[in-house]
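The structure file start_2.txt is reproduced below (compact mmCIF, C-alpha atoms).
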# COMPACT_ATOMS: atom_id res chain seq x y z
CA MET J 1 10.76 -16.35 30.84
CA ALA J 2 7.67 -17.10 28.76
CA GLU J 3 8.08 -19.01 25.52
CA LEU J 4 5.21 -19.51 23.13
CA THR J 5 4.11 -23.02 22.21
CA ILE J 6 3.79 -24.18 18.61
CA HIS J 7 -0.01 -23.86 18.89
CA GLN J 8 0.28 -20.26 20.16
CA ILE J 9 2.73 -19.37 17.37
CA THR J 10 0.26 -20.78 14.85
CA MET J 11 -2.38 -18.48 16.31
CA VAL J 12 -0.02 -15.51 15.89
CA LYS J 13 0.55 -16.53 12.27
CA TYR J 14 -3.16 -15.96 11.63
CA LEU J 15 -2.67 -12.29 12.56
CA ILE J 16 -0.25 -11.82 9.70
CA ASP J 17 -2.49 -11.89 6.69
CA PRO J 18 -0.40 -12.94 3.64
CA ASN J 19 -2.66 -10.72 1.52
CA LYS J 20 -1.53 -7.72 3.52
CA ILE J 21 2.14 -8.62 3.86
CA SER J 22 3.50 -9.51 0.46
CA THR J 23 6.98 -10.82 1.25
CA LYS J 24 7.87 -13.94 3.22
CA GLU J 25 10.86 -12.07 4.68
CA LEU J 26 8.68 -9.42 6.26
CA GLN J 27 6.18 -12.04 7.45
CA LEU J 28 9.03 -13.80 9.23
CA ASP J 29 10.20 -10.57 10.88
CA LEU J 30 6.71 -9.69 12.03
CA LEU J 31 5.91 -13.15 13.33
CA ASP J 32 8.95 -13.06 15.58
CA HIS J 33 8.28 -9.45 16.56
CA ILE J 34 4.68 -10.13 17.60
CA CYS J 35 5.71 -13.30 19.44
CA CYS J 36 8.32 -11.26 21.34
CA ASP J 37 5.68 -8.66 22.16
CA ILE J 38 3.34 -11.34 23.50
CA GLU J 39 6.11 -13.01 25.51
CA ASN J 40 7.06 -9.63 26.92
CA LEU J 41 3.49 -9.07 28.14
CA MET J 42 3.34 -12.61 29.54
CA ASN J 43 6.56 -11.96 31.44
CA LYS J 44 4.82 -8.98 33.00
CA GLY J 45 2.16 -11.33 34.40
CA HIS J 46 -0.53 -11.28 31.70
CA ASP J 47 -1.89 -14.47 30.20
CA PHE J 48 -1.56 -15.42 26.52
CA ASP J 49 -5.17 -14.57 25.62
CA TYR J 50 -4.84 -11.02 26.93
CA ALA J 51 -1.44 -10.48 25.27
CA TYR J 52 -2.77 -11.91 22.01
CA LYS J 53 -5.73 -9.53 22.06
CA VAL J 54 -3.45 -6.54 22.67
CA CYS J 55 -1.28 -7.51 19.70
CA ALA J 56 -4.29 -8.27 17.50
CA ASN J 57 -5.46 -4.69 18.13
CA THR J 58 -2.06 -3.28 17.23
CA TYR J 59 -1.34 -5.41 14.18
CA HIS J 60 -4.66 -4.98 12.39
CA GLY J 61 -5.12 -5.23 8.63
CA SER J 62 -4.60 -1.60 7.67
CA TYR J 63 -1.51 -1.26 9.88
CA LEU J 64 0.06 -4.30 8.24
CA GLN J 65 -0.88 -3.00 4.82
CA GLN J 66 0.82 0.33 5.59
CA LEU J 67 3.92 -1.44 6.85
CA ASP J 68 4.07 -3.56 3.70
CA LYS J 69 3.61 -0.51 1.52
CA ALA J 70 6.40 1.35 3.33
CA THR J 71 8.73 -1.63 2.90
CA GLN J 72 7.88 -1.99 -0.78
CA PHE J 73 8.42 1.72 -1.31
CA LEU J 74 11.79 1.82 0.43
CA THR J 75 13.13 -1.34 -1.18
CA ASN J 76 11.91 -0.55 -4.68
CA ASN J 77 12.68 3.16 -4.67
CA ASN J 78 16.13 2.94 -6.26
CA THR J 79 15.02 0.39 -8.85
CA MET J 80 12.05 2.58 -9.75
CA LYS J 81 14.30 5.62 -10.10
CA THR J 82 16.67 3.76 -12.43
CA LYS J 83 13.74 2.43 -14.51
CA THR J 84 12.25 5.92 -14.75
CA ILE J 85 15.55 7.40 -15.92
CA ILE J 86 16.03 4.65 -18.54
CA LEU J 87 12.46 5.12 -19.81
CA GLY J 88 12.89 8.91 -19.96
CA VAL J 89 16.19 8.76 -21.82
CA SER J 90 14.81 6.15 -24.28
CA ALA J 91 11.68 8.21 -24.98
CA PHE J 92 13.70 11.39 -25.42
CA SER J 93 16.19 9.67 -27.76
CA LEU J 94 13.44 8.14 -29.89
CA SER J 95 11.56 11.43 -30.14
CA THR J 96 14.72 13.35 -31.07
CA LEU J 97 15.59 10.71 -33.65
CA ALA J 98 12.08 10.96 -35.11
CA TYR J 99 12.28 14.78 -35.20
CA VAL J 100 15.61 14.70 -37.06
CA GLY J 101 14.19 12.01 -39.36
CA LYS J 102 11.21 14.20 -40.17
CA MET J 103 13.48 17.16 -40.92
CA LEU J 104 15.38 14.95 -43.35
CA ASP J 105 12.14 13.42 -44.72
CA LEU J 106 13.20 9.91 -43.80
CA ALA J 107 10.67 7.09 -44.05
CA GLY J 108 9.41 5.63 -40.77
CA SER J 109 9.96 8.84 -38.77
CA ASN J 110 6.27 9.14 -37.97
CA GLU J 111 6.16 5.62 -36.53
CA VAL J 112 9.25 6.28 -34.41
CA LEU J 113 7.63 9.50 -33.17
CA VAL J 114 4.47 7.65 -32.13
CA ILE J 115 6.54 4.98 -30.34
CA GLY J 116 8.65 7.66 -28.61
CA THR J 117 5.55 9.53 -27.44
CA ALA J 118 3.89 6.33 -26.23
CA LEU J 119 7.07 5.40 -24.33
CA PHE J 120 7.18 8.88 -22.83
CA ILE J 121 3.56 8.72 -21.66
CA PHE J 122 3.13 5.09 -20.64
CA GLY J 123 6.69 4.62 -19.49
CA PHE J 124 8.28 7.79 -18.17
CA LEU J 125 5.24 9.83 -17.13
CA LEU J 126 3.38 6.83 -15.72
CA SER J 127 6.43 5.78 -13.73
CA ILE J 128 6.85 9.28 -12.27
CA THR J 129 3.14 9.42 -11.39
CA LEU J 130 3.24 5.99 -9.73
CA ASN J 131 6.31 7.02 -7.71
CA PHE J 132 4.55 10.21 -6.66
CA THR J 133 1.25 8.59 -5.69
CA ARG J 134 2.85 5.61 -3.93
CA SER J 135 4.93 7.86 -1.73
CA LEU J 136 1.86 9.65 -0.40
CA ASP J 137 -0.85 8.65 2.02
CA VAL J 138 -3.10 11.62 1.33
CA SER J 139 -5.61 10.63 -1.33
CA LEU J 140 -6.50 14.25 -2.11
CA ILE J 141 -2.91 14.88 -3.24
CA LYS J 142 -2.66 11.52 -4.98
CA ASN J 143 -5.56 12.51 -7.26
CA THR J 144 -3.74 15.65 -8.36
CA GLY J 145 -0.87 13.39 -9.47
CA TRP J 146 -3.16 11.52 -11.85
CA LEU J 147 -4.67 14.78 -13.10
CA GLY J 148 -1.16 16.03 -13.78
CA PHE J 149 -0.39 12.79 -15.62
CA LEU J 150 -3.38 13.33 -17.90
CA GLY J 151 -2.37 16.96 -18.48
CA ALA J 152 1.24 16.14 -19.34
CA SER J 153 0.06 13.28 -21.57
CA GLY J 154 -2.26 15.69 -23.40
CA ILE J 155 0.61 18.11 -24.05
CA SER J 156 2.88 15.28 -25.26
CA ILE J 157 0.18 14.02 -27.63
CA GLY J 158 -0.34 17.60 -28.82
CA LEU J 159 3.36 17.93 -29.57
CA MET J 160 3.32 14.65 -31.48
CA LEU J 161 0.21 15.64 -33.46
CA SER J 162 1.71 19.01 -34.39
CA LEU J 163 4.82 17.27 -35.72
CA LEU J 164 2.54 14.94 -37.69
CA LYS J 165 0.82 18.09 -38.99
CA TYR J 166 -2.62 17.38 -37.50
CA TYR J 167 -2.81 20.96 -36.30
CA VAL J 168 -6.45 21.15 -35.18
CA ALA J 169 -6.18 17.99 -33.09
CA ALA J 170 -2.84 19.23 -31.76
CA TYR J 171 -4.32 22.55 -30.57
CA PHE J 172 -7.19 20.71 -28.94
CA SER J 173 -4.79 18.34 -27.19
CA PHE J 174 -2.50 21.20 -26.09
CA GLY J 175 -5.48 23.11 -24.72
CA ALA J 176 -6.97 20.19 -22.82
CA GLY J 177 -3.58 19.03 -21.52
CA GLY J 178 -2.52 22.51 -20.49
CA LEU J 179 -5.80 23.11 -18.71
CA LEU J 180 -5.56 19.83 -16.80
CA LEU J 181 -1.96 20.58 -15.87
CA VAL J 182 -2.84 24.05 -14.57
CA ILE J 183 -5.80 22.64 -12.60
CA SER J 184 -3.62 19.89 -11.10
CA PHE J 185 -0.94 22.38 -10.00
CA TYR J 186 -3.58 24.68 -8.57
CA LEU J 187 -5.24 21.82 -6.64
CA LEU J 188 -1.87 20.54 -5.45
CA ALA J 189 -0.89 23.98 -4.16
CA THR J 190 -4.22 24.59 -2.40
CA ARG J 191 -4.33 21.09 -0.88
CA VAL J 192 -0.76 21.28 0.40
CA LYS J 193 -1.55 24.71 1.83
CA MET J 194 -4.70 23.30 3.45
CA LEU J 195 -2.76 20.38 4.96
CA ILE J 196 -0.03 22.65 6.33
CA SER J 197 -2.53 25.01 7.93
CA MET A 1 9.88 10.82 23.62
CA PHE A 2 11.15 12.52 20.45
CA ASN A 3 9.02 13.45 17.49
CA LYS A 4 8.70 10.75 14.78
CA ASP A 5 9.86 13.17 12.07
CA LEU A 6 13.13 13.80 13.91
CA ILE A 7 13.72 10.08 14.31
CA ARG A 8 12.89 9.27 10.67
CA GLY A 9 15.87 11.22 9.34
CA THR A 10 18.29 9.55 11.71
CA LEU A 11 16.94 6.01 11.52
CA LYS A 12 19.63 4.71 9.17
CA PRO A 13 22.63 5.83 11.27
CA ILE A 14 20.88 4.62 14.43
CA ILE A 15 20.37 1.11 13.06
CA LEU A 16 23.83 0.94 11.50
CA SER A 17 25.41 2.12 14.76
CA VAL A 18 23.71 -0.41 17.01
CA LEU A 19 24.53 -3.20 14.58
CA LYS A 20 28.15 -2.07 14.51
CA ASP A 21 28.34 -2.04 18.30
CA ARG A 22 26.48 -5.26 18.99
CA GLY A 23 27.18 -7.36 15.92
CA CYS A 24 24.18 -9.57 15.29
CA LEU A 25 20.69 -8.47 16.34
CA TYR A 26 17.06 -9.28 15.52
CA GLY A 27 14.40 -6.64 14.91
CA TYR A 28 12.75 -6.71 18.32
CA GLU A 29 16.17 -6.61 19.97
CA ILE A 30 17.16 -3.50 17.96
CA ASN A 31 13.93 -1.81 19.11
CA LYS A 32 14.52 -2.71 22.72
CA LEU A 33 18.18 -1.76 22.64
CA VAL A 34 17.52 1.68 21.17
CA SER A 35 14.84 2.32 23.81
CA GLU A 36 17.17 1.24 26.60
CA LEU A 37 20.17 3.20 25.35
CA THR A 38 18.11 6.37 25.03
CA THR A 39 16.08 5.81 28.23
CA ASN A 40 12.93 5.57 26.10
CA GLN A 41 13.55 8.94 24.42
CA ILE A 42 13.79 7.20 21.07
CA GLN A 43 11.32 4.42 20.43
CA LEU A 44 11.48 2.89 16.99
CA THR A 45 8.20 1.61 15.68
CA ASP A 46 8.15 -1.65 13.73
CA GLY A 47 6.49 0.35 10.96
CA ALA A 48 9.72 2.32 10.57
CA LEU A 49 12.27 -0.30 11.59
CA TYR A 50 11.47 -3.20 9.24
CA PRO A 51 11.11 -1.18 6.03
CA MET A 52 14.53 0.37 6.79
CA LEU A 53 16.12 -2.99 7.63
CA HIS A 54 14.85 -4.42 4.34
CA ARG A 55 16.16 -1.39 2.50
CA LEU A 56 19.58 -1.78 4.12
CA GLU A 57 19.57 -5.44 3.16
CA LYS A 58 18.69 -4.61 -0.43
CA ASP A 59 21.47 -2.00 -0.54
CA GLY A 60 23.92 -4.64 0.66
CA LEU A 61 24.67 -2.89 3.95
CA VAL A 62 23.29 -5.66 6.14
CA THR A 63 23.00 -9.37 5.74
CA THR A 64 20.56 -11.74 7.42
CA GLU A 65 20.86 -15.10 9.08
CA ILE A 66 17.91 -17.26 10.06
CA LYS A 67 18.18 -19.24 13.27
CA ASN A 68 15.76 -21.53 15.09
CA VAL A 69 14.95 -20.11 18.49
CA GLY A 70 12.57 -22.08 20.67
CA ASN A 71 9.58 -23.05 18.55
CA ARG A 72 10.07 -20.45 15.86
CA THR A 73 12.57 -19.04 13.42
CA ARG A 74 14.23 -15.70 13.94
CA LYS A 75 15.99 -13.41 11.47
CA TYR A 76 19.21 -11.84 12.67
CA TYR A 77 20.71 -8.79 10.99
CA LYS A 78 24.41 -7.97 10.85
CA LEU A 79 26.56 -5.48 8.99
CA THR A 80 28.41 -6.40 5.83
CA GLN A 81 31.85 -5.00 5.09
CA THR A 82 30.22 -2.20 3.07
CA GLY A 83 27.74 -1.62 5.89
CA ASN A 84 30.59 -1.29 8.34
CA THR A 85 32.22 1.46 6.27
CA GLU A 86 28.88 3.12 5.60
CA SER A 87 28.07 3.08 9.32
CA SER A 88 31.17 5.15 10.14
CA LYS A 89 30.37 7.55 7.30
CA LYS A 90 26.74 7.97 8.38
CA VAL A 91 27.70 8.58 12.01
CA ASP A 92 30.31 11.19 11.00
CA GLU A 93 27.74 12.83 8.74
CA LEU A 94 25.16 12.88 11.53
CA MET A 95 27.63 14.37 14.04
CA GLU A 96 28.57 17.04 11.51
CA PHE A 97 24.88 17.74 10.96
CA ILE A 98 24.22 18.09 14.70
CA LYS A 99 27.16 20.50 14.97
CA THR A 100 25.83 22.57 12.05
CA ILE A 101 22.28 22.60 13.36
CA SER A 102 23.51 23.83 16.73
CA LEU A 103 24.90 26.90 14.95
CA ILE A 104 21.37 27.84 13.96
CA VAL A 105 19.24 26.40 16.72
CA LYS A 106 20.39 27.68 20.08
CA PRO A 107 18.84 27.17 23.51
CA GLN A 108 16.45 30.01 24.31
CA LYS A 109 17.49 32.32 27.11
CA ILE A 110 14.64 33.09 29.50
Would you write the structure of this file as structure tokens?
Amino acid sequence: MAELTIHQITMVKYLIDPNKISTKELQLDLLDHICCDIENLMNKGHDFDYAYKVCANTYHGSYLQQLDKATQFLTNNNTMKTKTIILGVSAFSLSTLAYVGKMLDLAGSNEVLVIGTALFIFGFLLSITLNFTRSLDVSLIKNTGWLGFLGASGISIGLMLSLLKYYVAAYFSFGAGGLLLVISFYLLATRVKMLIS
Amino acid sequence: MFNKDLIRGTLKPIILSVLKDRGCLYGYEINKLVSELTTNQIQLTDGALYPMLHRLEKDGLVTTEIKNVGNRTRKYYKLTQTGNTESSKKVDELMEFIKTISLIVKPQKI
């Protein structure tokens, strides 16, 4: 049974670029996995140099990067979901509070409305968009996510401006946001259709 | 060998099951064991296995232990108490799913 020497293990370590694999835990898993792969090939009669080359071809930079991304996505998914829900509820509560405040002519309602809208855009919407784009490998679809983010942000700003009684700016924002949203949905639908076919 | 998409949906019960049967295993060993048990019909890629193992660890279903083996360190995975319960649940769920699917998908008669 082949067993790698310390020098050979050090060589394998060079394959696992710490810039590509962000956690020490995953680096440790992969180091052992690649070493096992190499030992397996050596047990079949190949020498270390050949086995090393085979593994170097398999565990190249972009493969490792993909593996790291998949691990990050799976491990952070629940945390991201919880954060997104908290951000959404906070933004909704603040905006509702501001709306009621404005109805009752309470001081500071406008400021609360701006904070609520900002939280909605840069917290909730951004978080949803990041979740969406991180879960996909197809850059064409990823771009539609960002377009949708801009569209939804435009509509949110429009809603805020209309409540602040800046009607012209609000209509402009609604129009631009709505247009971007429609374009993003259209592109998403056509690109998904294109990928399926 | 089965399609990756089919394996992806059953990865969690597969890992939990082998860990339940064998106790303490390292990543490469899980890969090898699954291949052997399924006569190479199911081959887990490390790109699917490690993200799932890390997820299971984060969810508290598996725990890890680091041991020195030869000239390197190795991470062993084993089920926690919660993982043990979850494993039975996932296997039951999968069996139920297979039964349900077989109601729709039937072997074609030639």
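With all atoms listed in the file as the atoms that count, the minimum distance from chain J to the choices A:Val62, A:Leu56, A:Ile15, A:Cys24 is reached by A:Leu56.
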Practice prompt. Give the residues of chain J that lie within 7 Å of chain A; count all atoms listed in the file, and format the answer as number ranges by chain.
Written response: J: 5-6, 29, 32-33, 67, 70-71, 74-75
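If you look at atom CA of Tyr77 of chain A and atom CA of Asn131 of chain J, they are 28.4 Å away from each other.
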Fill in: Between atom CA of Gly151 of chain J and atom CA of Leu179 of chain J, distance in Å (one decimal)
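That distance, rounded to one decimal, is 7.0 Å.
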Fill in: Pick from J:Lys20, J:Leu31, J:Tyr99, J:Asn76, whichever lies nearest to Ser62 of chain J using only C-alpha atoms
J:Lys20
Worksheet item: Which distance in Å separates atom CA of Val54 of chain J and atom CA of Leu41 of chain J, to one decimal?
Response: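 It comes out at 9.2 Å.
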Discussion item. From the options J:Phe73, J:Leu187, J:Leu94, J:Asn19, which residue's atoms come nearest to Leu130 of chain J, counting all atoms listed in the file?
Written reply: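 Checking each candidate against Leu130 of chain J, we get J:Phe73 as the closest.
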Neighbours of Ala170 of chain J within 7 Å (only C-alpha atoms; same-chain residues fewer than 3 positions away dropped), as a PDB file with C-alpha atoms, in the frame of the given file?
ATOM      1  CA  GLY J 158      -0.340  17.600 -28.820  1.00  0.00           C
ATOM      2  CA  LEU J 159       3.360  17.930 -29.570  1.00  0.00           C
ATOM      3  CA  LEU J 161       0.210  15.640 -33.460  1.00  0.00           C
ATOM      4  CA  SER J 162       1.710  19.010 -34.390  1.00  0.00           C
ATOM      5  CA  TYR J 166      -2.620  17.380 -37.500  1.00  0.00           C
ATOM      6  CA  TYR J 167      -2.810  20.960 -36.300  1.00  0.00           C
ATOM      7  CA  SER J 173      -4.790  18.340 -27.190  1.00  0.00           C
ATOM      8  CA  PHE J 174      -2.500  21.200 -26.090  1.00  0.00           C
TER       9      PHE J 174
END
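Restricting the calculation to all atoms listed in the file, the smallest distance between Glu65 of chain A and any of J:Leu188, J:Leu28, J:Val168, J:Ile38 is found for J:Leu28.
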Discussion item. Just want the 8 Å neighbourhood of Phe2 of chain A, counted on only C-alpha atoms, with same-chain residues fewer than 2 positions away dropped. Output as an MDAnalysis selection string.
Written reply: chainID A and resid 4 6:7 41:42
Residues of the last selection are to be written out with C-alpha atoms, as a PDB file, in the coordinates of the input.
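The result, written out as out-v3.pdb:
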ATOM      1  CA  LYS A   4       8.700  10.750  14.780  1.00  0.00           C
ATOM      2  CA  LEU A   6      13.130  13.800  13.910  1.00  0.00           C
ATOM      3  CA  ILE A   7      13.720  10.080  14.310  1.00  0.00           C
ATOM      4  CA  GLN A  41      13.550   8.940  24.420  1.00  0.00           C
ATOM      5  CA  ILE A  42      13.790   7.200  21.070  1.00  0.00           C
TER       6      ILE A  42
END
